[in-house]
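Source file: run00.txt; contents: compact mmCIF, N, CA, C and O atoms and all ligand atoms.
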```txt
# COMPACT_ATOMS: atom_id res chain seq x y z
N MET A 1 0.83 -1.20 0.00
CA MET A 1 0.00 0.00 0.00
C MET A 1 0.87 1.25 0.00
O MET A 1 1.91 1.29 0.64
N ASN A 2 0.42 2.24 -0.75
CA ASN A 2 1.16 3.50 -0.77
C ASN A 2 0.86 4.35 0.45
O ASN A 2 -0.29 4.58 0.79
N ASN A 3 1.92 4.85 1.08
CA ASN A 3 1.73 5.80 2.17
C ASN A 3 1.94 7.22 1.67
O ASN A 3 2.00 8.15 2.44
N TRP A 4 2.09 7.35 0.38
CA TRP A 4 2.26 8.70 -0.16
C TRP A 4 1.29 8.90 -1.30
O TRP A 4 0.78 7.95 -1.87
N SER A 5 1.04 10.17 -1.60
CA SER A 5 0.11 10.46 -2.67
C SER A 5 0.58 11.70 -3.40
O SER A 5 1.36 12.49 -2.87
N ASP A 6 0.11 11.84 -4.62
CA ASP A 6 0.38 13.06 -5.36
C ASP A 6 -0.45 14.19 -4.79
O ASP A 6 -1.60 13.97 -4.36
N LEU A 7 0.12 15.37 -4.81
CA LEU A 7 -0.63 16.57 -4.42
C LEU A 7 -0.60 17.52 -5.60
O LEU A 7 0.48 17.79 -6.14
N GLU A 8 -1.75 17.99 -6.01
CA GLU A 8 -1.79 18.92 -7.14
C GLU A 8 -1.05 20.20 -6.77
O GLU A 8 -1.18 20.70 -5.64
N PRO A 9 -0.30 20.76 -7.73
CA PRO A 9 0.49 21.95 -7.41
C PRO A 9 -0.37 23.12 -6.95
O PRO A 9 0.07 23.93 -6.12
N GLU A 10 -1.60 23.21 -7.43
CA GLU A 10 -2.50 24.30 -7.00
C GLU A 10 -2.72 24.24 -5.49
O GLU A 10 -2.73 25.26 -4.80
N LEU A 11 -2.93 23.02 -4.98
CA LEU A 11 -3.18 22.86 -3.53
C LEU A 11 -1.92 23.14 -2.74
O LEU A 11 -1.95 23.74 -1.66
N PHE A 12 -0.78 22.71 -3.28
CA PHE A 12 0.49 22.97 -2.62
C PHE A 12 0.72 24.48 -2.51
O PHE A 12 1.08 24.99 -1.43
N VAL A 13 0.48 25.20 -3.60
CA VAL A 13 0.70 26.66 -3.59
C VAL A 13 -0.26 27.33 -2.60
O VAL A 13 0.11 28.29 -1.92
N GLU A 14 -1.46 26.81 -2.48
CA GLU A 14 -2.40 27.35 -1.48
C GLU A 14 -1.83 27.21 -0.07
O GLU A 14 -1.88 28.14 0.73
N LEU A 15 -1.30 26.03 0.21
CA LEU A 15 -0.71 25.79 1.54
C LEU A 15 0.48 26.73 1.77
O LEU A 15 0.65 27.29 2.85
N LEU A 16 1.28 26.87 0.72
CA LEU A 16 2.46 27.73 0.79
C LEU A 16 2.03 29.17 1.10
O LEU A 16 2.56 29.81 2.02
N ARG A 17 1.05 29.65 0.37
CA ARG A 17 0.60 31.03 0.54
C ARG A 17 -0.03 31.25 1.91
O ARG A 17 0.04 32.34 2.47
N SER A 18 -0.64 30.22 2.45
CA SER A 18 -1.31 30.39 3.73
C SER A 18 -0.33 30.33 4.89
O SER A 18 -0.70 30.45 6.04
N GLY A 19 0.95 30.08 4.56
CA GLY A 19 1.98 30.07 5.60
C GLY A 19 1.93 28.83 6.48
O GLY A 19 2.47 28.82 7.57
N GLN A 20 1.28 27.78 5.99
CA GLN A 20 1.15 26.57 6.82
C GLN A 20 2.34 25.62 6.73
O GLN A 20 2.40 24.64 7.45
N LEU A 21 3.25 25.90 5.78
CA LEU A 21 4.37 24.98 5.59
C LEU A 21 5.67 25.64 6.00
O LEU A 21 5.89 26.82 5.75
N ASP A 22 6.56 24.88 6.62
CA ASP A 22 7.87 25.43 6.95
C ASP A 22 8.94 24.71 6.14
O ASP A 22 8.69 23.69 5.49
N ALA A 23 10.16 25.26 6.20
CA ALA A 23 11.25 24.76 5.36
C ALA A 23 11.58 23.30 5.66
O ALA A 23 12.08 22.58 4.80
N GLU A 24 11.30 22.89 6.88
CA GLU A 24 11.58 21.50 7.27
C GLU A 24 10.67 20.52 6.52
O GLU A 24 10.96 19.34 6.42
N GLN A 25 9.54 21.04 6.05
CA GLN A 25 8.55 20.16 5.42
C GLN A 25 8.66 20.10 3.90
O GLN A 25 8.18 19.16 3.29
N ILE A 26 9.28 21.13 3.31
CA ILE A 26 9.36 21.16 1.85
C ILE A 26 10.76 20.71 1.46
O ILE A 26 11.74 21.44 1.67
N ILE A 27 10.85 19.51 0.94
CA ILE A 27 12.15 18.92 0.63
C ILE A 27 12.34 18.95 -0.88
O ILE A 27 11.62 18.29 -1.63
N ASP A 28 13.32 19.72 -1.28
CA ASP A 28 13.64 19.87 -2.70
C ASP A 28 14.76 18.89 -3.03
O ASP A 28 15.87 19.02 -2.49
N VAL A 29 14.48 17.93 -3.88
CA VAL A 29 15.44 16.85 -4.11
C VAL A 29 16.22 17.03 -5.42
O VAL A 29 16.86 16.10 -5.91
N ARG A 30 16.15 18.25 -5.99
CA ARG A 30 16.93 18.51 -7.20
C ARG A 30 18.41 18.69 -6.83
O ARG A 30 18.79 18.68 -5.67
N GLU A 31 19.23 18.92 -7.86
CA GLU A 31 20.65 19.17 -7.65
C GLU A 31 20.87 20.65 -7.31
O GLU A 31 20.02 21.49 -7.59
N GLU A 32 22.03 20.93 -6.75
CA GLU A 32 22.31 22.29 -6.29
C GLU A 32 22.18 23.34 -7.41
O GLU A 32 21.66 24.43 -7.19
N ALA A 33 22.66 23.00 -8.61
CA ALA A 33 22.60 23.98 -9.71
C ALA A 33 21.14 24.30 -10.06
O ALA A 33 20.81 25.45 -10.39
N GLU A 34 20.28 23.30 -9.97
CA GLU A 34 18.86 23.55 -10.25
C GLU A 34 18.25 24.42 -9.16
O GLU A 34 17.44 25.30 -9.41
N TRP A 35 18.67 24.17 -7.95
CA TRP A 35 18.21 24.94 -6.79
C TRP A 35 18.62 26.41 -6.96
O TRP A 35 17.83 27.33 -6.72
N GLU A 36 19.86 26.62 -7.40
CA GLU A 36 20.34 28.00 -7.56
C GLU A 36 19.57 28.72 -8.65
O GLU A 36 19.35 29.92 -8.57
N TYR A 37 19.14 28.00 -9.63
CA TYR A 37 18.37 28.58 -10.73
C TYR A 37 17.03 29.14 -10.22
O TYR A 37 16.63 30.25 -10.56
N TYR A 38 16.38 28.38 -9.39
CA TYR A 38 15.09 28.81 -8.81
C TYR A 38 14.76 27.91 -7.63
O TYR A 38 14.89 26.69 -7.73
N HIS A 39 14.38 28.50 -6.52
CA HIS A 39 13.89 27.67 -5.41
C HIS A 39 12.97 28.48 -4.52
O HIS A 39 12.91 29.71 -4.62
N LEU A 40 12.28 27.78 -3.68
CA LEU A 40 11.39 28.42 -2.71
C LEU A 40 12.19 28.74 -1.46
O LEU A 40 12.94 27.89 -0.96
N GLU A 41 12.03 29.95 -0.96
CA GLU A 41 12.73 30.35 0.27
C GLU A 41 12.53 29.33 1.38
O GLU A 41 13.47 28.93 2.05
N GLN A 42 11.26 28.96 1.55
CA GLN A 42 10.92 28.08 2.67
C GLN A 42 11.01 26.61 2.28
O GLN A 42 10.05 25.87 2.36
N SER A 43 12.19 26.20 1.82
CA SER A 43 12.38 24.79 1.48
C SER A 43 13.79 24.36 1.86
O SER A 43 14.65 25.20 2.11
N SER A 44 14.00 23.05 1.89
CA SER A 44 15.32 22.50 2.22
C SER A 44 15.84 21.73 1.03
O SER A 44 15.12 20.91 0.46
N LEU A 45 17.08 22.00 0.67
CA LEU A 45 17.70 21.28 -0.45
C LEU A 45 18.35 20.00 0.06
O LEU A 45 19.29 20.04 0.87
N ILE A 46 17.82 18.87 -0.39
CA ILE A 46 18.44 17.57 -0.08
C ILE A 46 18.40 16.77 -1.38
O ILE A 46 17.42 16.06 -1.67
N PRO A 47 19.45 16.90 -2.23
CA PRO A 47 19.42 16.22 -3.52
C PRO A 47 19.13 14.72 -3.38
O PRO A 47 19.56 14.08 -2.40
N MET A 48 18.43 14.20 -4.36
CA MET A 48 17.94 12.81 -4.28
C MET A 48 19.04 11.82 -3.88
O MET A 48 18.83 10.97 -3.03
N ASN A 49 20.22 11.95 -4.49
CA ASN A 49 21.25 10.94 -4.21
C ASN A 49 21.86 11.07 -2.82
O ASN A 49 22.62 10.21 -2.39
N THR A 50 21.54 12.16 -2.12
CA THR A 50 22.07 12.31 -0.76
C THR A 50 21.06 11.87 0.31
O THR A 50 21.38 11.81 1.49
N ILE A 51 19.83 11.61 -0.13
CA ILE A 51 18.76 11.27 0.84
C ILE A 51 19.13 10.09 1.76
O ILE A 51 18.97 10.18 2.98
N PRO A 52 19.67 8.99 1.20
CA PRO A 52 19.94 7.85 2.09
C PRO A 52 20.86 8.21 3.26
O PRO A 52 20.68 7.68 4.36
N ASP A 53 21.81 9.13 3.03
CA ASP A 53 22.74 9.52 4.10
C ASP A 53 22.20 10.63 4.98
O ASP A 53 22.83 10.99 5.97
N ARG A 54 21.09 11.22 4.59
CA ARG A 54 20.61 12.40 5.33
C ARG A 54 19.21 12.20 5.92
O ARG A 54 18.51 13.17 6.21
N LEU A 55 18.85 10.95 6.10
CA LEU A 55 17.51 10.66 6.64
C LEU A 55 17.30 11.34 7.99
O LEU A 55 16.18 11.77 8.31
N HIS A 56 18.37 11.46 8.76
CA HIS A 56 18.25 12.08 10.09
C HIS A 56 17.81 13.55 10.00
O HIS A 56 17.36 14.11 11.00
N GLU A 57 17.94 14.14 8.81
CA GLU A 57 17.52 15.54 8.67
C GLU A 57 16.03 15.68 8.36
O GLU A 57 15.50 16.78 8.31
N LEU A 58 15.38 14.56 8.09
CA LEU A 58 13.97 14.62 7.71
C LEU A 58 13.07 14.43 8.92
O LEU A 58 13.22 13.44 9.66
N ALA A 59 12.16 15.37 9.10
CA ALA A 59 11.24 15.28 10.23
C ALA A 59 10.34 14.06 10.06
O ALA A 59 9.75 13.87 8.99
N ALA A 60 10.28 13.24 11.08
CA ALA A 60 9.46 12.03 10.99
C ALA A 60 8.03 12.29 11.48
O ALA A 60 7.14 11.48 11.27
N ASP A 61 7.82 13.44 12.10
CA ASP A 61 6.53 13.71 12.73
C ASP A 61 5.71 14.76 11.97
O ASP A 61 4.73 15.28 12.49
N LYS A 62 6.14 15.09 10.76
CA LYS A 62 5.41 16.09 9.99
C LYS A 62 5.15 15.56 8.59
O LYS A 62 5.90 14.71 8.11
N THR A 63 4.14 16.10 7.93
CA THR A 63 3.95 15.75 6.53
C THR A 63 5.08 16.39 5.73
O THR A 63 5.40 17.56 5.92
N LEU A 64 5.71 15.58 4.87
CA LEU A 64 6.79 16.09 4.03
C LEU A 64 6.27 16.27 2.61
O LEU A 64 5.59 15.39 2.06
N TYR A 65 6.60 17.42 2.01
CA TYR A 65 6.20 17.74 0.64
C TYR A 65 7.47 17.65 -0.20
O TYR A 65 8.38 18.46 -0.03
N ILE A 66 7.53 16.64 -1.06
CA ILE A 66 8.74 16.38 -1.83
C ILE A 66 8.59 17.02 -3.21
O ILE A 66 7.58 16.79 -3.90
N VAL A 67 9.59 17.84 -3.57
CA VAL A 67 9.53 18.50 -4.87
C VAL A 67 10.81 18.25 -5.66
O VAL A 67 11.89 18.09 -5.09
N CYS A 68 10.65 18.22 -6.99
CA CYS A 68 11.82 18.18 -7.89
C CYS A 68 11.47 19.09 -9.06
O CYS A 68 10.71 20.05 -8.89
N ALA A 69 12.01 18.83 -10.24
CA ALA A 69 11.73 19.73 -11.36
C ALA A 69 10.33 19.49 -11.95
O ALA A 69 9.58 20.43 -12.18
N HIS A 70 9.99 18.21 -12.13
CA HIS A 70 8.70 17.90 -12.78
C HIS A 70 7.89 16.82 -12.07
O HIS A 70 6.84 16.43 -12.56
N GLY A 71 8.40 16.30 -11.01
CA GLY A 71 7.62 15.32 -10.25
C GLY A 71 8.05 13.87 -10.41
O GLY A 71 7.40 12.97 -9.86
N VAL A 72 9.12 13.65 -11.19
CA VAL A 72 9.56 12.26 -11.41
C VAL A 72 10.48 11.79 -10.28
O VAL A 72 10.23 10.78 -9.61
N ARG A 73 11.57 12.56 -10.05
CA ARG A 73 12.48 12.19 -8.96
C ARG A 73 11.77 12.21 -7.61
O ARG A 73 12.01 11.36 -6.75
N SER A 74 10.89 13.18 -7.43
CA SER A 74 10.21 13.28 -6.13
C SER A 74 9.33 12.06 -5.87
O SER A 74 9.21 11.60 -4.73
N ALA A 75 8.74 11.50 -6.93
CA ALA A 75 7.93 10.28 -6.75
C ALA A 75 8.83 9.14 -6.31
O ALA A 75 8.47 8.34 -5.43
N ALA A 76 10.03 9.05 -6.93
CA ALA A 76 10.97 7.99 -6.55
C ALA A 76 11.40 8.16 -5.09
O ALA A 76 11.52 7.18 -4.34
N VAL A 77 11.61 9.41 -4.68
CA VAL A 77 12.01 9.67 -3.29
C VAL A 77 10.87 9.31 -2.33
O VAL A 77 11.10 8.70 -1.28
N CYS A 78 9.64 9.62 -2.70
CA CYS A 78 8.50 9.24 -1.86
C CYS A 78 8.47 7.72 -1.67
O CYS A 78 8.26 7.21 -0.56
N HIS A 79 8.68 7.02 -2.76
CA HIS A 79 8.68 5.56 -2.72
C HIS A 79 9.77 5.07 -1.76
O HIS A 79 9.54 4.20 -0.90
N PHE A 80 10.95 5.64 -1.87
CA PHE A 80 12.09 5.25 -1.02
C PHE A 80 11.78 5.56 0.45
O PHE A 80 12.00 4.72 1.34
N LEU A 81 11.27 6.77 0.70
CA LEU A 81 11.01 7.16 2.10
C LEU A 81 9.91 6.32 2.72
O LEU A 81 9.94 6.01 3.91
N GLN A 82 8.96 5.93 1.90
CA GLN A 82 7.90 5.05 2.41
C GLN A 82 8.51 3.75 2.91
O GLN A 82 8.16 3.25 3.98
N GLN A 83 9.46 3.23 2.13
CA GLN A 83 10.11 1.98 2.55
C GLN A 83 10.90 2.17 3.83
O GLN A 83 11.15 1.21 4.57
N LYS A 84 11.33 3.41 4.08
CA LYS A 84 12.10 3.70 5.29
C LYS A 84 11.18 4.02 6.47
O LYS A 84 11.64 4.42 7.54
N GLY A 85 9.88 3.94 6.26
CA GLY A 85 8.96 4.09 7.38
C GLY A 85 8.28 5.44 7.48
O GLY A 85 7.48 5.67 8.39
N TYR A 86 8.57 6.35 6.57
CA TYR A 86 7.87 7.65 6.60
C TYR A 86 6.45 7.43 6.11
O TYR A 86 6.24 6.78 5.08
N ASP A 87 5.50 7.97 6.85
CA ASP A 87 4.12 7.63 6.47
C ASP A 87 3.24 8.83 6.16
O ASP A 87 2.03 8.70 6.00
N SER A 88 3.84 10.01 6.08
CA SER A 88 3.03 11.15 5.67
C SER A 88 3.82 11.95 4.63
O SER A 88 4.58 12.86 4.95
N LEU A 89 3.63 11.55 3.39
CA LEU A 89 4.43 12.08 2.28
C LEU A 89 3.52 12.56 1.17
O LEU A 89 2.50 11.92 0.87
N ARG A 90 3.91 13.68 0.55
CA ARG A 90 3.18 14.17 -0.63
C ARG A 90 4.18 14.43 -1.74
O ARG A 90 5.17 15.14 -1.53
N ASN A 91 3.89 13.87 -2.90
CA ASN A 91 4.68 14.17 -4.08
C ASN A 91 3.99 15.32 -4.81
O ASN A 91 2.86 15.18 -5.27
N VAL A 92 4.67 16.47 -4.87
CA VAL A 92 4.02 17.62 -5.51
C VAL A 92 4.08 17.42 -7.03
O VAL A 92 5.15 17.49 -7.64
N ALA A 93 2.92 17.15 -7.60
CA ALA A 93 2.83 16.84 -9.04
C ALA A 93 3.25 18.06 -9.86
O ALA A 93 2.94 19.20 -9.52
N GLY A 94 4.01 17.78 -10.92
CA GLY A 94 4.43 18.87 -11.80
C GLY A 94 5.68 19.57 -11.34
O GLY A 94 6.28 20.34 -12.09
N GLY A 95 6.07 19.35 -10.06
CA GLY A 95 7.32 19.88 -9.53
C GLY A 95 7.46 21.39 -9.62
O GLY A 95 6.48 22.14 -9.71
N MET A 96 8.72 21.84 -9.58
CA MET A 96 8.99 23.27 -9.54
C MET A 96 8.50 23.98 -10.78
O MET A 96 8.18 25.17 -10.73
N ALA A 97 8.45 23.28 -11.92
CA ALA A 97 7.96 23.92 -13.13
C ALA A 97 6.53 24.42 -12.92
O ALA A 97 6.18 25.55 -13.27
N ALA A 98 5.70 23.57 -12.32
CA ALA A 98 4.30 23.95 -12.06
C ALA A 98 4.22 24.96 -10.92
O ALA A 98 3.48 25.95 -11.00
N ILE A 99 4.99 24.72 -9.88
CA ILE A 99 4.93 25.59 -8.70
C ILE A 99 5.37 27.01 -9.06
O ILE A 99 4.71 28.00 -8.71
N ALA A 100 6.50 27.12 -9.77
CA ALA A 100 7.05 28.45 -10.10
C ALA A 100 6.04 29.26 -10.90
O ALA A 100 5.85 30.45 -10.65
N SER A 101 5.40 28.60 -11.84
CA SER A 101 4.45 29.33 -12.66
C SER A 101 3.23 29.77 -11.85
O SER A 101 2.77 30.91 -11.96
N LEU A 102 2.73 28.91 -10.98
CA LEU A 102 1.54 29.26 -10.18
C LEU A 102 1.89 30.25 -9.08
O LEU A 102 1.09 31.15 -8.76
N TYR A 103 3.06 30.09 -8.50
CA TYR A 103 3.40 30.86 -7.29
C TYR A 103 3.83 32.28 -7.63
O TYR A 103 3.42 33.23 -7.00
N ASP A 104 4.72 32.41 -8.62
CA ASP A 104 5.11 33.80 -8.95
C ASP A 104 5.25 34.07 -10.44
O ASP A 104 5.94 34.98 -10.85
N GLY A 105 4.56 33.25 -11.25
CA GLY A 105 4.53 33.52 -12.69
C GLY A 105 5.87 33.31 -13.36
O GLY A 105 6.10 33.79 -14.47
N PHE A 106 6.78 32.57 -12.69
CA PHE A 106 8.10 32.32 -13.27
C PHE A 106 8.03 31.14 -14.22
O PHE A 106 7.50 30.09 -13.88
N GLN A 107 8.55 31.36 -15.43
CA GLN A 107 8.57 30.27 -16.43
C GLN A 107 9.82 29.45 -16.20
O GLN A 107 10.92 29.88 -16.54
N TYR A 108 9.67 28.27 -15.61
CA TYR A 108 10.82 27.46 -15.19
C TYR A 108 11.56 26.87 -16.39
O TYR A 108 12.77 26.87 -16.45
N ASP A 109 10.83 26.31 -17.33
CA ASP A 109 11.47 25.80 -18.55
C ASP A 109 10.47 25.75 -19.69
O ASP A 109 9.38 26.26 -19.55
O1 LIG B 1 12.84 16.48 -11.84
S1 LIG B 1 12.29 15.42 -12.71
O2 LIG B 1 12.89 14.13 -12.36
O3 LIG B 1 10.85 15.38 -12.67
S2 LIG B 1 12.81 15.87 -14.51
```
Show me this structure written as structure tokens.
Amino acid sequence: MNNWSDLEPELFVELLRSGQLDAEQIIDVREEAEWEYYHLEQSSLIPMNTIPDRLHELAADKTLYIVCAHGVRSAAVCHFLQQKGYDSLRNVAGGMAAIASLYDGFQYD
């Protein structure tokens, strides 16, 4: 059974705007260069390939919103974290490309 689900970017941006999410909850799993190109202030950069070594940095008691560029890597990370026992995970569908456009009209790619 899946312990994670996709979250539509519109709903994610609503949560973001309402100030309900903190940087500990928004995990950006892209690479550093992608992060430098565009990122959300209130997010944490933990590139996908570093996740296995950095599990201790992930809050186990909060819902985690996993983001990447388009939602592919983040889905893989959700799958991995589920196997590690995390049970409140959201894969933000469409990734930063969708979020950037909805949140501040930025054309990501
Ligand atoms: O970031 S991505 O894996 O969706 S291209």
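Between atom C of Gln25 (chain A) and atom O of Leu64 (chain A) there is a distance of 5.9 Å.
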Worksheet item: Quick one: residues within 7 Å of ligand LIG 1 (chain B), with only C-alpha atoms and all ligand atoms, as a VMD selection string?
Response: chain A and resid 30 68 to 74 95
Worksheet entry | Who sits within 9 Å of Val92 (chain A), only C-alpha atoms, same chain under 4 positions skipped, as a list in words | Ser5, Asp6, Leu7, Glu8, Pro9, Phe12, Tyr65, Ile66, Val67, Cys68, His70, Gly71, Ser74, Ala75, Met96 and Ile99 of chain A
Keeping N, CA, C and O atoms, export the residues of the selection given above as a PDB file, in the frame of the given file.
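Result went into again.pdb, see below:
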```
ATOM      1  N   SER A   5       1.040  10.170  -1.600  1.00  0.00           N
ATOM      2  CA  SER A   5       0.110  10.460  -2.670  1.00  0.00           C
ATOM      3  C   SER A   5       0.580  11.700  -3.400  1.00  0.00           C
ATOM      4  O   SER A   5       1.360  12.490  -2.870  1.00  0.00           O
ATOM      5  N   ASP A   6       0.110  11.840  -4.620  1.00  0.00           N
ATOM      6  CA  ASP A   6       0.380  13.060  -5.360  1.00  0.00           C
ATOM      7  C   ASP A   6      -0.450  14.190  -4.790  1.00  0.00           C
ATOM      8  O   ASP A   6      -1.600  13.970  -4.360  1.00  0.00           O
ATOM      9  N   LEU A   7       0.120  15.370  -4.810  1.00  0.00           N
ATOM     10  CA  LEU A   7      -0.630  16.570  -4.420  1.00  0.00           C
ATOM     11  C   LEU A   7      -0.600  17.520  -5.600  1.00  0.00           C
ATOM     12  O   LEU A   7       0.480  17.790  -6.140  1.00  0.00           O
ATOM     13  N   GLU A   8      -1.750  17.990  -6.010  1.00  0.00           N
ATOM     14  CA  GLU A   8      -1.790  18.920  -7.140  1.00  0.00           C
ATOM     15  C   GLU A   8      -1.050  20.200  -6.770  1.00  0.00           C
ATOM     16  O   GLU A   8      -1.180  20.700  -5.640  1.00  0.00           O
ATOM     17  N   PRO A   9      -0.300  20.760  -7.730  1.00  0.00           N
ATOM     18  CA  PRO A   9       0.490  21.950  -7.410  1.00  0.00           C
ATOM     19  C   PRO A   9      -0.370  23.120  -6.950  1.00  0.00           C
ATOM     20  O   PRO A   9       0.070  23.930  -6.120  1.00  0.00           O
ATOM     21  N   PHE A  12      -0.780  22.710  -3.280  1.00  0.00           N
ATOM     22  CA  PHE A  12       0.490  22.970  -2.620  1.00  0.00           C
ATOM     23  C   PHE A  12       0.720  24.480  -2.510  1.00  0.00           C
ATOM     24  O   PHE A  12       1.080  24.990  -1.430  1.00  0.00           O
ATOM     25  N   TYR A  65       6.600  17.420   2.010  1.00  0.00           N
ATOM     26  CA  TYR A  65       6.200  17.740   0.640  1.00  0.00           C
ATOM     27  C   TYR A  65       7.470  17.650  -0.200  1.00  0.00           C
ATOM     28  O   TYR A  65       8.380  18.460  -0.030  1.00  0.00           O
ATOM     29  N   ILE A  66       7.530  16.640  -1.060  1.00  0.00           N
ATOM     30  CA  ILE A  66       8.740  16.380  -1.830  1.00  0.00           C
ATOM     31  C   ILE A  66       8.590  17.020  -3.210  1.00  0.00           C
ATOM     32  O   ILE A  66       7.580  16.790  -3.900  1.00  0.00           O
ATOM     33  N   VAL A  67       9.590  17.840  -3.570  1.00  0.00           N
ATOM     34  CA  VAL A  67       9.530  18.500  -4.870  1.00  0.00           C
ATOM     35  C   VAL A  67      10.810  18.250  -5.660  1.00  0.00           C
ATOM     36  O   VAL A  67      11.890  18.090  -5.090  1.00  0.00           O
ATOM     37  N   CYS A  68      10.650  18.220  -6.990  1.00  0.00           N
ATOM     38  CA  CYS A  68      11.820  18.180  -7.890  1.00  0.00           C
ATOM     39  C   CYS A  68      11.470  19.090  -9.060  1.00  0.00           C
ATOM     40  O   CYS A  68      10.710  20.050  -8.890  1.00  0.00           O
ATOM     41  N   HIS A  70       9.990  18.210 -12.130  1.00  0.00           N
ATOM     42  CA  HIS A  70       8.700  17.900 -12.780  1.00  0.00           C
ATOM     43  C   HIS A  70       7.890  16.820 -12.070  1.00  0.00           C
ATOM     44  O   HIS A  70       6.840  16.430 -12.560  1.00  0.00           O
ATOM     45  N   GLY A  71       8.400  16.300 -11.010  1.00  0.00           N
ATOM     46  CA  GLY A  71       7.620  15.320 -10.250  1.00  0.00           C
ATOM     47  C   GLY A  71       8.050  13.870 -10.410  1.00  0.00           C
ATOM     48  O   GLY A  71       7.400  12.970  -9.860  1.00  0.00           O
ATOM     49  N   SER A  74      10.890  13.180  -7.430  1.00  0.00           N
ATOM     50  CA  SER A  74      10.210  13.280  -6.130  1.00  0.00           C
ATOM     51  C   SER A  74       9.330  12.060  -5.870  1.00  0.00           C
ATOM     52  O   SER A  74       9.210  11.600  -4.730  1.00  0.00           O
ATOM     53  N   ALA A  75       8.740  11.500  -6.930  1.00  0.00           N
ATOM     54  CA  ALA A  75       7.930  10.280  -6.750  1.00  0.00           C
ATOM     55  C   ALA A  75       8.830   9.140  -6.310  1.00  0.00           C
ATOM     56  O   ALA A  75       8.470   8.340  -5.430  1.00  0.00           O
ATOM     57  N   MET A  96       8.720  21.840  -9.580  1.00  0.00           N
ATOM     58  CA  MET A  96       8.990  23.270  -9.540  1.00  0.00           C
ATOM     59  C   MET A  96       8.500  23.980 -10.780  1.00  0.00           C
ATOM     60  O   MET A  96       8.180  25.170 -10.730  1.00  0.00           O
ATOM     61  N   ILE A  99       4.990  24.720  -9.880  1.00  0.00           N
ATOM     62  CA  ILE A  99       4.930  25.590  -8.700  1.00  0.00           C
ATOM     63  C   ILE A  99       5.370  27.010  -9.060  1.00  0.00           C
ATOM     64  O   ILE A  99       4.710  28.000  -8.710  1.00  0.00           O
TER      65      ILE A  99
END
```
Worksheet item: Using the chain letters and numbers from this document, which residues of region 1-107 of chain A does DSSP assign to helix (DSSP H, G or I), as an MDAnalysis selection string?
Response: chainID A and resid 9:17 32:37 48:53 55:57 72:83 95:104
Once you add 3 Å to each side, what are the centre and edge lengths of the axis-aligned box holding all listed atoms of region 39-54 of chain A? One decimal in Å, as lines of an AutoDock Vina configuration file, if you can.
```
center_x = 16.4
center_y = 19.0
center_z = -0.2
size_x = 18.8
size_y = 28.7
size_z = 18.7
```
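The interatomic distance for the pair CA of Tyr103 (chain A) and atom O of Ser43 (chain A) works out to 15.7 Å.
When only N, CA, C and O atoms are used to compute distances to Val77 (chain A), the closest of the residues A:Phe106, A:Glu31, A:Glu24, A:Met48 turns out to be A:Met48.
Secondary structure of chain A, strand (DSSP E or B) only (DSSP, backbone atoms): Trp4, Ser5, Asp6, Leu7, Ile26, Ile27, Asp28, Ser44, Leu45, Leu64, Tyr65, Ile66, Val67, Leu89, Arg90, Asn91 and Val92 of chain A.
Picture a line from CA of Phe80 (chain A) to CA of Asn49 (chain A); it runs 11.2 Å.
Using only C-alpha atoms, the smallest distance between any of A:Asn2, A:Tyr108, A:Ser101, A:His39 and Gly85 (chain A) comes from A:Asn2.
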Fewer than 3 positions away in the same chain doesn't count, so skip those; otherwise give me all residues within 5 Å of Ser88 (chain A), counting only N, CA, C and O atoms, as an mmCIF file with N, CA, C and O atoms, in the coordinates of the input.
```cif
data_model
loop_
_atom_site.group_PDB
_atom_site.id
_atom_site.type_symbol
_atom_site.label_atom_id
_atom_site.label_comp_id
_atom_site.auth_asym_id
_atom_site.auth_seq_id
_atom_site.Cartn_x
_atom_site.Cartn_y
_atom_site.Cartn_z
ATOM 1 N N ASN A 3 1.920 4.850 1.080
ATOM 2 C CA ASN A 3 1.730 5.800 2.170
ATOM 3 C C ASN A 3 1.940 7.220 1.670
ATOM 4 O O ASN A 3 2.000 8.150 2.440
ATOM 5 N N LYS A 62 6.140 15.090 10.760
ATOM 6 C CA LYS A 62 5.410 16.090 9.990
ATOM 7 C C LYS A 62 5.150 15.560 8.590
ATOM 8 O O LYS A 62 5.900 14.710 8.110
ATOM 9 N N THR A 63 4.140 16.100 7.930
ATOM 10 C CA THR A 63 3.950 15.750 6.530
ATOM 11 C C THR A 63 5.080 16.390 5.730
ATOM 12 O O THR A 63 5.400 17.560 5.920
ATOM 13 N N LEU A 64 5.710 15.580 4.870
ATOM 14 C CA LEU A 64 6.790 16.090 4.030
ATOM 15 C C LEU A 64 6.270 16.270 2.610
ATOM 16 O O LEU A 64 5.590 15.390 2.060
#
```
Discussion item. Taking only C-alpha atoms into account, name the residue in A:Ser18, A:Ala100, A:Ala60, A:Asp109 that is nearest to Leu40 (chain A).
Written reply: A:Ala100
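Taking only N, CA, C and O atoms into account, Val13 (chain A) lies nearest to A:Leu102 out of the set A:Leu102, A:Tyr86, A:Trp35, A:Ile46.
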Item to complete: Write out as a list in words which residues come within 5 Å of Ser44 (chain A) when counting all atoms listed in the file, dropping same-chain ones fewer than 3 positions away.
Response: Ala23, Ile26, Ile27 and Asp28 of chain A
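In this comparison, which uses all atoms listed in the file, the residue of A:Asp61, A:Glu41, A:Glu36, A:Asp87 approaching Trp4 (chain A) most closely is A:Asp87.
Among the candidates A:Leu15, A:Leu21, A:Ala97, A:Cys78, the residue lying nearest to Glu34 (chain A) is A:Ala97 (atoms considered: only C-alpha atoms).
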